[in-house]
Amino acid sequence: MKAEKETPESLESVETTCKPENGLAAIGLDIGTSRIVCSQAPTEFKTQLNAFIGVAYSKFAEQMLQRNGIDFYRHNGELFVLGDGAEKFASMFNHEVRRPMSVGLLNPGERDGFEVIQLILRRLLKKPKPGGSKICFSIPSAPCGMETSLVYHENMIKRFLTELGFESKSLNEGLAVVFSELANENFSGIGISFGGGMCNACLAYLSIPILTFSLGKAGDWIDSSVSVVTGESATRVRVRKESALDLSAPPSHKIDEALHIYYEEMILDLVRSLTRSFVESRNLPTLDKPIPVVLSGGTSKPRGFREKFENALRATNFPLAISEVRLAADPLNTTAKGTLMYAMYDN
Amino acid sequence: MRRFLSAFAADHDTAVIKPSALPPKEISRLIETVSLSIENPLLKLKFIHAALDRYAHTCRVMVVPSLDAKLTKQVLLEALDLLVPGHRIIIADPETALAAEKPLRRIRAPRLSQMTVLIGLVLVMSTTYWVQARLGIKAHNAAVPIYRWATEGLERKSESTPHSSISAKLESPADWGVRSAKAADSSPQATYDAASLPEIWMVEEKSGYEFYSNGLNISTEFAVAGRPRRYRTFDRADGALSEIKERPAGLLYHTSEGDVAPFERRFNRLLNRRTRELLQYIKQDHLYHYVIDRFGRVYRVVNETEVAHHAGFSIWSDESDVFLLLNQSFIGICFEGRWSESLNSDPPDGASTSATLRVITRAQLEAGRLLTDWLRQKYHISDSNCVTHGLTSVNPQKFLIGHHLDWAKDFPFRDLGLSDKYQKPLPSITEFGFAYDDFFLQVMGRPWPGINLAMGQLQARADRDKISYETLRRKLNRRFAHQLAQLRGETEGDKDFGRADLSQLTNALDGQP
């Protein structure tokens, strides 16, 4: 399905990508289930919620969106509200946003999903310079049995970026965390991204990925689970989670209580699965010193998350000695920073 | 990303790298050590990938399962070179330089701050001009034992207990006496007095070489002028300081502990290049008097009547004199090779030619004999003063032997017409109460017979004086500090005094119970 040319920002209108002084322009892209983050400099990030909401077209709805400054476009008789605007709109009308991606990959149940991703990417990306811009985008580790879906997901994005004129390559999300956060440790350690759709982990030694792992249970799972037991919409749960949750303090609210429970469950599940995966792996190198674990991603942001995770990790017989568990400096942008680094690699 | 990550790039999750495909630990550690010094994350990532890539490439080209540590430096240089194409970059690392000057010196860890600054400078500056390398092959060669020893948990712990007295580890004199006798029986060569040899004279001297009647050919291409010898010794009986002496009193044998290419025809160019780099470095810092390369070519670097900086803190004695700081009194002869290669060989018995030939080539052995004969005859050097660096090197702050360990075993004394000094009571113990520690045992496996013999003598002396072994040891330690202080004024130009404040010795002694 092709979108009608009613996008508020056509590709031709976007500004031209800045080119570094030397070499090609480089862009890092974190295409997550929850958010898409674009980075063109280590401290310069642009982000949009990877979500949309469709409302039946009416003059009234169109005017209302315009009045509230919400980006939208008209698509097959519907008004699609994209990115951050979708959340605002959903919150206003107690609707659920629709997700172009699910469990880290293109959502097969969302027929307009990829179209939406393209539109969001067009908003975030600057037009490539003649001569080419390098772009690196993140991809998850394929959940068990979904390897072919990953191939499809990766190639669809790559094809689109190529159409836009970028020279693109992909990078595992866990490894992107390692690239971003473990430079001081010579890129040796475990990077974990707690995203919306899944958790991605990568054990790297000297930047070489030794073992990657993913768990299809992350922020969205927490939101939907809490939503089911509390009767609140998942969107509201997410807003609450991102704004007020403190895992280090006893819960004072019904939603918080449920969030505590599901956070703990997710952490335990991840630690158990990670431990099992590492124990069963024949690929573990013999490391002669403890390695760090870095946590990143929106789901890792609540206060007390790091401590909870560390306690859970240290309570298991994890097969590798861990020196520290730390939170990434900028958890929401860590993956994008890692992909940017990889994009700049060939410059 | 190149070969190492190409599999990853092609198939992100199923084709992660197997640990077996990673470089050996030693190489990984060296890569880590260097990359820790690079602050820019992107440069660091590029360096690591380039180093791994060069490693993989070299392994493939050379059809070997893993890259020998000998080629590690080359791999790293090439990796750095990839970052700045068209420029040759050589790591200027003061720590490895120091270690090069002091082969097999025990170093806890490289000084990363220094490396950071220097490598950073190299990386930046090399984009505009060639970096003049300070180090030759020996400097980076020494890096191998440094990081190996520093990172495999073998480094000396400050709290490690010196093995200073006779313990269960000490074999009975009868035991090692038997072994010593066996070793002597199997000796392929008899010990002889150089004076008894037919006269050795210079047959020809031309620009660049000297030829002697025993077949010794000395290249003088790398010869450099140095500082004249002036030293004093201590009378072994009463500790009296001697008059100033200028004639070399002994020979001290070393190994370069550098990267040595495999001794095969196909590495001929590399072998030659390494030797020249080594010689350049030795010349620059006046490190040895003579170097014997892998083909048995003998090079004079520092004239034997001048001082070379080869011995560091070192102790030896003959029948009458005690020598401290052998730079001043001994001639340094360096065999290009890696003594550490023999660490896993047989226990030291001083007579194992096969073990020796793991360190040096037969041509070096022959050349070593010719050079030894000539020097001994020329300077009337007694057999008792022909010894190895590993037997003489000490740590003066901790009163420990084996600070450097090159030729601490497997030196072919008998092949060079010398008596086996591994069987001789170690002067640093008998004269000054030095000891060894756990680290020494970890490296050496067990002490050589002369150590046990020396400790036995010391114990007998303590019994005779009716004092404890430790008390006697402390007394002798103080004697060492005192004698060293006496020499200070005599050896003003010696680098070793620059590195060790004598007050540290006093503190060390004061800290003793």
# chains A, B, ... in the order shown; residues from 1 in each chain; ligands from 1

call {"tool": "interface_residues", "arguments": {"of": "chain A", "to": "chain B", "cutoff": "10 Å", "atoms": "only C-alpha atoms", "output": "VMD selection string"}}
result
chain A and resid 139 to 143 147 150 to 151 169 to 172 179 to 188 202 to 214 282 to 288 341 to 342 344 to 346

call {"tool": "residues_around", "arguments": {"residues": "stretch 101-113 of chain A", "least_positions_apart": "3", "cutoff": "6 Å", "atoms": "only C-alpha atoms", "output": "PyMOL selection string"}}
result
chain A and resi 33+116+153+197-198+216

call {"tool": "write_last_selection", "arguments": {"atoms": "N, CA, C and O atoms", "output": "PDB file, in the first residue's frame"}}
result
ATOM      1  N   THR A  33      10.841  -0.822  18.977  1.00  0.00           N
ATOM      2  CA  THR A  33       9.402  -1.048  18.968  1.00  0.00           C
ATOM      3  C   THR A  33       8.661   0.169  19.500  1.00  0.00           C
ATOM      4  O   THR A  33       7.596   0.527  19.012  1.00  0.00           O
ATOM      5  N   VAL A 116       4.028   3.664   7.992  1.00  0.00           N
ATOM      6  CA  VAL A 116       4.167   4.630   9.081  1.00  0.00           C
ATOM      7  C   VAL A 116       5.633   4.814   9.455  1.00  0.00           C
ATOM      8  O   VAL A 116       6.105   5.939   9.654  1.00  0.00           O
ATOM      9  N   HIS A 153      12.459  -8.024   8.234  1.00  0.00           N
ATOM     10  CA  HIS A 153      12.492  -6.722   8.905  1.00  0.00           C
ATOM     11  C   HIS A 153      13.735  -5.927   8.484  1.00  0.00           C
ATOM     12  O   HIS A 153      13.633  -4.763   8.064  1.00  0.00           O
ATOM     13  N   GLY A 197       9.557  -3.398  22.976  1.00  0.00           N
ATOM     14  CA  GLY A 197       9.091  -4.713  22.537  1.00  0.00           C
ATOM     15  C   GLY A 197       9.901  -5.861  23.084  1.00  0.00           C
ATOM     16  O   GLY A 197       9.387  -6.961  23.267  1.00  0.00           O
ATOM     17  N   MET A 198      11.181  -5.640  23.293  1.00  0.00           N
ATOM     18  CA  MET A 198      11.999  -6.753  23.765  1.00  0.00           C
ATOM     19  C   MET A 198      13.246  -6.258  24.484  1.00  0.00           C
ATOM     20  O   MET A 198      13.594  -5.079  24.420  1.00  0.00           O
ATOM     21  N   GLY A 216      11.405 -11.533  24.389  1.00  0.00           N
ATOM     22  CA  GLY A 216      10.249 -10.780  23.899  1.00  0.00           C
ATOM     23  C   GLY A 216       9.334 -10.318  25.013  1.00  0.00           C
ATOM     24  O   GLY A 216       8.109 -10.415  24.920  1.00  0.00           O
TER      25      GLY A 216
END

call {"tool": "select_by_dssp", "arguments": {"residues": "stretch 122-305 of chain A", "states": "helix (DSSP H, G or I)", "output": "compact mmCIF listing (two decimals) with N, CA and C atoms, in the first residue's frame"}}
result
# COMPACT_ATOMS: atom_id res chain seq x y z
N ARG A 122 11.22 9.58 7.54
CA ARG A 122 11.38 10.75 6.66
C ARG A 122 11.37 12.03 7.48
N ARG A 123 10.61 12.00 8.57
CA ARG A 123 10.59 13.19 9.42
C ARG A 123 11.91 13.37 10.17
N LEU A 124 12.47 12.24 10.54
CA LEU A 124 13.67 12.31 11.37
C LEU A 124 14.95 12.53 10.56
N GLU A 147 13.57 -16.09 13.14
CA GLU A 147 14.76 -15.67 12.41
C GLU A 147 14.39 -15.11 11.03
N THR A 148 13.45 -15.76 10.39
CA THR A 148 13.08 -15.29 9.05
C THR A 148 12.40 -13.92 9.11
N SER A 149 11.69 -13.71 10.19
CA SER A 149 11.04 -12.39 10.34
C SER A 149 12.08 -11.30 10.47
N LEU A 150 13.18 -11.64 11.14
CA LEU A 150 14.26 -10.66 11.29
C LEU A 150 14.87 -10.33 9.92
N VAL A 151 15.03 -11.36 9.12
CA VAL A 151 15.58 -11.13 7.77
C VAL A 151 14.69 -10.16 7.00
N TYR A 152 13.38 -10.41 7.08
CA TYR A 152 12.42 -9.55 6.38
C TYR A 152 12.49 -8.12 6.93
N HIS A 153 12.46 -8.02 8.23
CA HIS A 153 12.49 -6.72 8.91
C HIS A 153 13.74 -5.93 8.48
N GLU A 154 14.85 -6.56 8.57
CA GLU A 154 16.11 -5.88 8.26
C GLU A 154 16.16 -5.43 6.81
N ASN A 155 15.75 -6.31 5.95
CA ASN A 155 15.85 -5.99 4.52
C ASN A 155 14.86 -4.93 4.08
N MET A 156 13.70 -4.95 4.70
CA MET A 156 12.72 -3.91 4.37
C MET A 156 13.27 -2.52 4.73
N ILE A 157 13.84 -2.45 5.89
CA ILE A 157 14.38 -1.15 6.32
C ILE A 157 15.57 -0.75 5.46
N LYS A 158 16.41 -1.70 5.22
CA LYS A 158 17.59 -1.41 4.41
C LYS A 158 17.18 -0.93 3.02
N ARG A 159 16.18 -1.62 2.46
CA ARG A 159 15.72 -1.25 1.11
C ARG A 159 15.19 0.18 1.10
N PHE A 160 14.42 0.49 2.13
CA PHE A 160 13.84 1.83 2.19
C PHE A 160 14.92 2.90 2.32
N LEU A 161 15.87 2.63 3.20
CA LEU A 161 16.96 3.61 3.40
C LEU A 161 17.78 3.77 2.13
N THR A 162 17.94 2.69 1.41
CA THR A 162 18.68 2.76 0.15
C THR A 162 17.91 3.61 -0.86
N GLU A 163 16.60 3.41 -0.85
CA GLU A 163 15.76 4.23 -1.75
C GLU A 163 15.92 5.71 -1.43
N LEU A 164 16.07 5.99 -0.16
CA LEU A 164 16.24 7.40 0.23
C LEU A 164 17.61 7.94 -0.17
N GLU A 173 21.33 -4.62 18.41
CA GLU A 173 21.02 -3.61 19.41
C GLU A 173 21.90 -3.74 20.66
N GLY A 174 22.10 -4.97 21.10
CA GLY A 174 22.95 -5.19 22.28
C GLY A 174 24.37 -4.74 22.02
N LEU A 175 24.84 -5.01 20.82
CA LEU A 175 26.21 -4.60 20.48
C LEU A 175 26.31 -3.08 20.39
N ALA A 176 25.23 -2.47 19.94
CA ALA A 176 25.23 -1.01 19.88
C ALA A 176 25.40 -0.43 21.28
N VAL A 177 24.79 -1.08 22.26
CA VAL A 177 24.96 -0.62 23.64
C VAL A 177 26.42 -0.77 24.07
N VAL A 178 27.01 -1.88 23.67
CA VAL A 178 28.42 -2.10 23.99
C VAL A 178 29.28 -1.02 23.35
N PHE A 179 29.04 -0.75 22.10
CA PHE A 179 29.82 0.28 21.38
C PHE A 179 29.67 1.64 22.06
N SER A 180 28.46 1.90 22.50
CA SER A 180 28.18 3.22 23.06
C SER A 180 28.76 3.40 24.46
N GLU A 181 28.68 2.34 25.27
CA GLU A 181 28.94 2.51 26.70
C GLU A 181 30.21 1.85 27.22
N ALA A 183 33.36 1.68 25.88
CA ALA A 183 34.64 2.03 25.25
C ALA A 183 35.78 1.97 26.26
N ASN A 184 35.51 2.42 27.47
CA ASN A 184 36.57 2.41 28.49
C ASN A 184 36.99 1.00 28.87
N GLU A 185 36.12 0.06 28.60
CA GLU A 185 36.44 -1.34 28.90
C GLU A 185 36.85 -2.08 27.64
N GLY A 219 9.02 -3.49 27.89
CA GLY A 219 8.13 -2.42 28.33
C GLY A 219 6.68 -2.62 27.91
N ASP A 220 6.49 -3.00 26.66
CA ASP A 220 5.10 -3.17 26.19
C ASP A 220 4.39 -4.29 26.93
N TRP A 221 5.14 -5.32 27.21
CA TRP A 221 4.55 -6.45 27.95
C TRP A 221 4.12 -5.99 29.34
N ILE A 222 4.98 -5.19 29.96
CA ILE A 222 4.63 -4.67 31.29
C ILE A 222 3.38 -3.81 31.18
N ASP A 223 3.35 -2.93 30.19
CA ASP A 223 2.20 -2.03 30.02
C ASP A 223 0.91 -2.81 29.83
N SER A 224 0.97 -3.77 28.93
CA SER A 224 -0.28 -4.49 28.63
C SER A 224 -0.70 -5.36 29.80
N SER A 225 0.28 -5.93 30.49
CA SER A 225 -0.07 -6.77 31.64
C SER A 225 -0.71 -5.93 32.73
N VAL A 226 -0.11 -4.77 32.97
CA VAL A 226 -0.66 -3.88 34.00
C VAL A 226 -2.04 -3.39 33.57
N SER A 227 -2.14 -3.13 32.30
CA SER A 227 -3.42 -2.66 31.78
C SER A 227 -4.52 -3.69 32.02
N VAL A 228 -4.20 -4.92 31.82
CA VAL A 228 -5.20 -5.99 31.99
C VAL A 228 -5.65 -6.07 33.44
N VAL A 229 -4.71 -6.01 34.35
CA VAL A 229 -5.10 -6.21 35.76
C VAL A 229 -5.63 -4.95 36.42
N THR A 230 -5.35 -3.81 35.84
CA THR A 230 -5.84 -2.58 36.49
C THR A 230 -7.01 -1.94 35.76
N ALA A 234 -3.25 0.84 28.21
CA ALA A 234 -1.80 0.62 28.18
C ALA A 234 -1.06 1.94 28.01
N THR A 235 -1.64 2.84 27.26
CA THR A 235 -0.99 4.14 27.05
C THR A 235 -0.86 4.89 28.36
N ARG A 236 -1.94 4.87 29.15
CA ARG A 236 -1.88 5.57 30.43
C ARG A 236 -0.87 4.90 31.37
N VAL A 237 -0.86 3.61 31.30
CA VAL A 237 0.10 2.88 32.14
C VAL A 237 1.52 3.30 31.76
N ARG A 238 1.74 3.42 30.47
CA ARG A 238 3.08 3.77 30.02
C ARG A 238 3.47 5.18 30.46
N VAL A 239 2.52 6.07 30.36
CA VAL A 239 2.79 7.44 30.79
C VAL A 239 3.14 7.46 32.28
N ARG A 240 2.36 6.72 33.04
CA ARG A 240 2.60 6.64 34.48
C ARG A 240 3.99 6.02 34.76
N LYS A 241 4.26 4.97 34.01
CA LYS A 241 5.53 4.26 34.19
C LYS A 241 6.71 5.18 33.93
N GLU A 242 6.59 5.94 32.87
CA GLU A 242 7.74 6.76 32.48
C GLU A 242 7.87 8.04 33.28
N SER A 243 6.77 8.42 33.93
CA SER A 243 6.84 9.71 34.63
C SER A 243 7.03 9.57 36.13
N ALA A 244 6.47 8.54 36.74
CA ALA A 244 6.44 8.57 38.20
C ALA A 244 6.90 7.29 38.88
N LYS A 254 -2.19 1.88 42.79
CA LYS A 254 -2.57 0.57 42.27
C LYS A 254 -1.75 0.23 41.01
N ILE A 255 -1.59 1.23 40.14
CA ILE A 255 -0.82 0.98 38.91
C ILE A 255 0.64 0.69 39.25
N ASP A 256 1.14 1.47 40.22
CA ASP A 256 2.54 1.27 40.62
C ASP A 256 2.75 -0.14 41.16
N GLU A 257 1.81 -0.59 41.93
CA GLU A 257 1.92 -1.92 42.53
C GLU A 257 2.03 -2.99 41.44
N ALA A 258 1.17 -2.83 40.45
CA ALA A 258 1.21 -3.79 39.34
C ALA A 258 2.50 -3.64 38.55
N LEU A 259 2.92 -2.39 38.39
CA LEU A 259 4.18 -2.18 37.66
C LEU A 259 5.35 -2.84 38.38
N HIS A 260 5.38 -2.70 39.72
CA HIS A 260 6.43 -3.36 40.49
C HIS A 260 6.44 -4.86 40.22
N ILE A 261 5.27 -5.44 40.24
CA ILE A 261 5.16 -6.89 40.07
C ILE A 261 5.67 -7.32 38.70
N TYR A 262 5.25 -6.60 37.69
CA TYR A 262 5.63 -7.04 36.35
C TYR A 262 7.08 -6.68 36.01
N TYR A 263 7.53 -5.61 36.60
CA TYR A 263 8.96 -5.30 36.41
C TYR A 263 9.82 -6.42 36.99
N GLU A 264 9.45 -6.81 38.20
CA GLU A 264 10.23 -7.88 38.84
C GLU A 264 10.18 -9.16 38.02
N GLU A 265 9.00 -9.43 37.52
CA GLU A 265 8.83 -10.64 36.72
C GLU A 265 9.70 -10.57 35.45
N MET A 266 9.69 -9.41 34.82
CA MET A 266 10.49 -9.26 33.60
C MET A 266 11.99 -9.41 33.91
N ILE A 267 12.40 -8.77 34.99
CA ILE A 267 13.82 -8.83 35.34
C ILE A 267 14.23 -10.26 35.65
N LEU A 268 13.41 -10.94 36.45
CA LEU A 268 13.74 -12.32 36.80
C LEU A 268 13.77 -13.21 35.57
N ASP A 269 12.79 -12.99 34.72
CA ASP A 269 12.73 -13.81 33.50
C ASP A 269 13.97 -13.58 32.64
N LEU A 270 14.35 -12.31 32.52
CA LEU A 270 15.53 -12.00 31.70
C LEU A 270 16.79 -12.61 32.31
N VAL A 271 16.94 -12.43 33.60
CA VAL A 271 18.16 -12.95 34.25
C VAL A 271 18.21 -14.47 34.13
N ARG A 272 17.06 -15.11 34.35
CA ARG A 272 17.03 -16.58 34.24
C ARG A 272 17.37 -17.01 32.82
N SER A 273 16.73 -16.38 31.87
CA SER A 273 16.95 -16.77 30.47
C SER A 273 18.40 -16.47 30.04
N LEU A 274 18.87 -15.33 30.49
CA LEU A 274 20.23 -14.95 30.13
C LEU A 274 21.23 -15.95 30.72
N THR A 275 21.00 -16.27 31.98
CA THR A 275 21.89 -17.24 32.65
C THR A 275 21.86 -18.57 31.92
N ARG A 276 20.65 -19.02 31.60
CA ARG A 276 20.52 -20.31 30.91
C ARG A 276 21.22 -20.26 29.55
N SER A 277 20.97 -19.17 28.88
CA SER A 277 21.57 -19.03 27.56
C SER A 277 23.09 -19.04 27.63
N PHE A 278 23.64 -18.36 28.62
CA PHE A 278 25.10 -18.32 28.78
C PHE A 278 25.63 -19.67 29.22
N VAL A 279 24.91 -20.30 30.13
CA VAL A 279 25.39 -21.59 30.63
C VAL A 279 25.40 -22.62 29.51
N GLU A 280 24.36 -22.58 28.69
CA GLU A 280 24.26 -23.58 27.63
C GLU A 280 25.17 -23.27 26.44
N GLY A 298 14.47 2.65 27.49
CA GLY A 298 13.45 3.36 28.27
C GLY A 298 12.95 2.55 29.45
N THR A 299 12.89 1.26 29.29
CA THR A 299 12.35 0.43 30.37
C THR A 299 13.29 0.38 31.57
N SER A 300 14.54 0.74 31.35
CA SER A 300 15.49 0.69 32.46
C SER A 300 15.55 2.02 33.21
N PHE A 305 15.68 0.61 39.21
CA PHE A 305 15.73 -0.52 38.27
C PHE A 305 17.10 -1.20 38.30

call {"tool": "select_by_dssp", "arguments": {"residues": "stretch 116-307 of chain A", "states": "strand (DSSP E or B)", "output": "PyMOL selection string"}}
result
chain A and resi 127+133-139+166-172+189-194+199-205+208-215+246+291-296+303

call {"tool": "residues_around", "arguments": {"residues": "B:Ile401", "least_positions_apart": "3", "cutoff": "10 Å", "atoms": "only C-alpha atoms", "output": "list in words"}}
result
Pro162, Ser314, Ile315, Gly390, Leu391, Thr392, Ser393, Val394, Asn395, Pro396, Lys398, His404, Leu405, Leu426, Ser428, Ile429, Gly433, Phe434, Ala435, Tyr436, Asp437, Phe440 and Ile451 of chain B

call {"tool": "residues_around", "arguments": {"residues": "A:Gly132", "least_positions_apart": "5", "cutoff": "9 Å", "atoms": "only C-alpha atoms", "output": "compact mmCIF listing (two decimals) with C-alpha atoms, in the first residue's frame"}}
result
# COMPACT_ATOMS: atom_id res chain seq x y z
CA LEU A 24 30.68 10.97 4.41
CA ALA A 25 27.89 12.05 6.67
CA GLY A 165 19.83 7.48 -0.94
CA PHE A 166 21.62 6.22 2.15
CA GLU A 167 24.32 3.64 2.32

call {"tool": "closest_residue", "arguments": {"among": "B:Ser468, B:Thr361, B:Gln377, B:Asn217", "to": "B:Val260", "atoms": "only C-alpha atoms"}}
result
B:Thr361

call {"tool": "atom_distance", "arguments": {"atom1": "atom CA of B:Asn214", "atom2": "atom CA of B:Leu416"}}
result
13.8 Å

call {"tool": "atom_distance", "arguments": {"atom1": "atom CA of B:Glu26", "atom2": "atom CA of B:Tyr55"}}
result
12.2 Å

call {"tool": "atom_distance", "arguments": {"atom1": "atom CA of B:Ala225", "atom2": "atom CA of B:Phe335"}}
result
21.0 Å

call {"tool": "residues_around", "arguments": {"residues": "B:Gln284", "least_positions_apart": "3", "cutoff": "9 Å", "atoms": "only C-alpha atoms", "output": "list of chain:residue names"}}
result
B:Arg134, B:Val224, B:Leu279, B:Gln280, B:Tyr281, B:Leu287

call {"tool": "write_last_selection", "arguments": {"atoms": "all heavy atoms", "output": "mmCIF file, in the first residue's frame"}}
result
data_model
loop_
_atom_site.group_PDB
_atom_site.id
_atom_site.type_symbol
_atom_site.label_atom_id
_atom_site.label_comp_id
_atom_site.auth_asym_id
_atom_site.auth_seq_id
_atom_site.Cartn_x
_atom_site.Cartn_y
_atom_site.Cartn_z
ATOM 1 N N ARG B 134 61.453 5.718 18.370
ATOM 2 C CA ARG B 134 62.554 5.622 19.311
ATOM 3 C C ARG B 134 62.937 4.149 19.494
ATOM 4 O O ARG B 134 64.088 3.820 19.711
ATOM 5 C CB ARG B 134 62.150 6.181 20.664
ATOM 6 C CG ARG B 134 63.244 5.981 21.685
ATOM 7 C CD ARG B 134 62.901 6.625 23.015
ATOM 8 N NE ARG B 134 64.003 6.466 23.919
ATOM 9 C CZ ARG B 134 64.167 5.438 24.723
ATOM 10 N NH1 ARG B 134 63.285 4.475 24.735
ATOM 11 N NH2 ARG B 134 65.194 5.352 25.531
ATOM 12 N N VAL B 224 79.599 2.336 18.886
ATOM 13 C CA VAL B 224 79.336 3.695 19.361
ATOM 14 C C VAL B 224 80.273 3.979 20.532
ATOM 15 O O VAL B 224 80.610 3.078 21.305
ATOM 16 C CB VAL B 224 77.846 3.843 19.760
ATOM 17 C CG1 VAL B 224 77.484 2.918 20.907
ATOM 18 C CG2 VAL B 224 77.509 5.275 20.124
ATOM 19 N N LEU B 279 69.740 -3.739 16.843
ATOM 20 C CA LEU B 279 71.043 -3.101 16.975
ATOM 21 C C LEU B 279 70.930 -1.582 17.056
ATOM 22 O O LEU B 279 71.652 -0.938 17.823
ATOM 23 C CB LEU B 279 71.937 -3.515 15.796
ATOM 24 C CG LEU B 279 72.494 -4.943 15.912
ATOM 25 C CD1 LEU B 279 72.964 -5.452 14.558
ATOM 26 C CD2 LEU B 279 73.642 -4.998 16.918
ATOM 27 N N GLN B 280 70.044 -1.039 16.271
ATOM 28 C CA GLN B 280 69.844 0.412 16.325
ATOM 29 C C GLN B 280 69.439 0.838 17.719
ATOM 30 O O GLN B 280 69.899 1.853 18.250
ATOM 31 C CB GLN B 280 68.757 0.839 15.320
ATOM 32 C CG GLN B 280 69.169 0.759 13.865
ATOM 33 C CD GLN B 280 70.161 1.852 13.476
ATOM 34 O OE1 GLN B 280 70.568 2.633 14.306
ATOM 35 N NE2 GLN B 280 70.581 1.853 12.216
ATOM 36 N N TYR B 281 68.558 0.064 18.278
ATOM 37 C CA TYR B 281 68.066 0.404 19.608
ATOM 38 C C TYR B 281 69.166 0.260 20.660
ATOM 39 O O TYR B 281 69.345 1.121 21.532
ATOM 40 C CB TYR B 281 66.878 -0.487 19.959
ATOM 41 C CG TYR B 281 66.343 -0.191 21.329
ATOM 42 C CD1 TYR B 281 65.780 1.043 21.621
ATOM 43 C CD2 TYR B 281 66.434 -1.133 22.350
ATOM 44 C CE1 TYR B 281 65.312 1.333 22.881
ATOM 45 C CE2 TYR B 281 65.968 -0.852 23.613
ATOM 46 C CZ TYR B 281 65.399 0.392 23.874
ATOM 47 O OH TYR B 281 64.949 0.673 25.128
ATOM 48 N N LEU B 287 73.280 -0.339 25.250
ATOM 49 C CA LEU B 287 72.756 -1.379 26.129
ATOM 50 C C LEU B 287 73.703 -2.556 26.346
ATOM 51 O O LEU B 287 73.711 -3.140 27.425
ATOM 52 C CB LEU B 287 71.425 -1.899 25.580
ATOM 53 C CG LEU B 287 70.286 -0.877 25.589
ATOM 54 C CD1 LEU B 287 69.024 -1.487 25.028
ATOM 55 C CD2 LEU B 287 70.037 -0.372 27.001
#

call {"tool": "closest_residue", "arguments": {"among": "B:Asp373, B:Glu319, B:Asp463, B:Asp410", "to": "B:Asp235", "atoms": "only C-alpha atoms"}}
result
B:Glu319

call {"tool": "closest_residue", "arguments": {"among": "A:Ala336, A:Ile53, A:Val37, A:Met146", "to": "A:His95", "atoms": "only C-alpha atoms"}}
result
A:Ile53
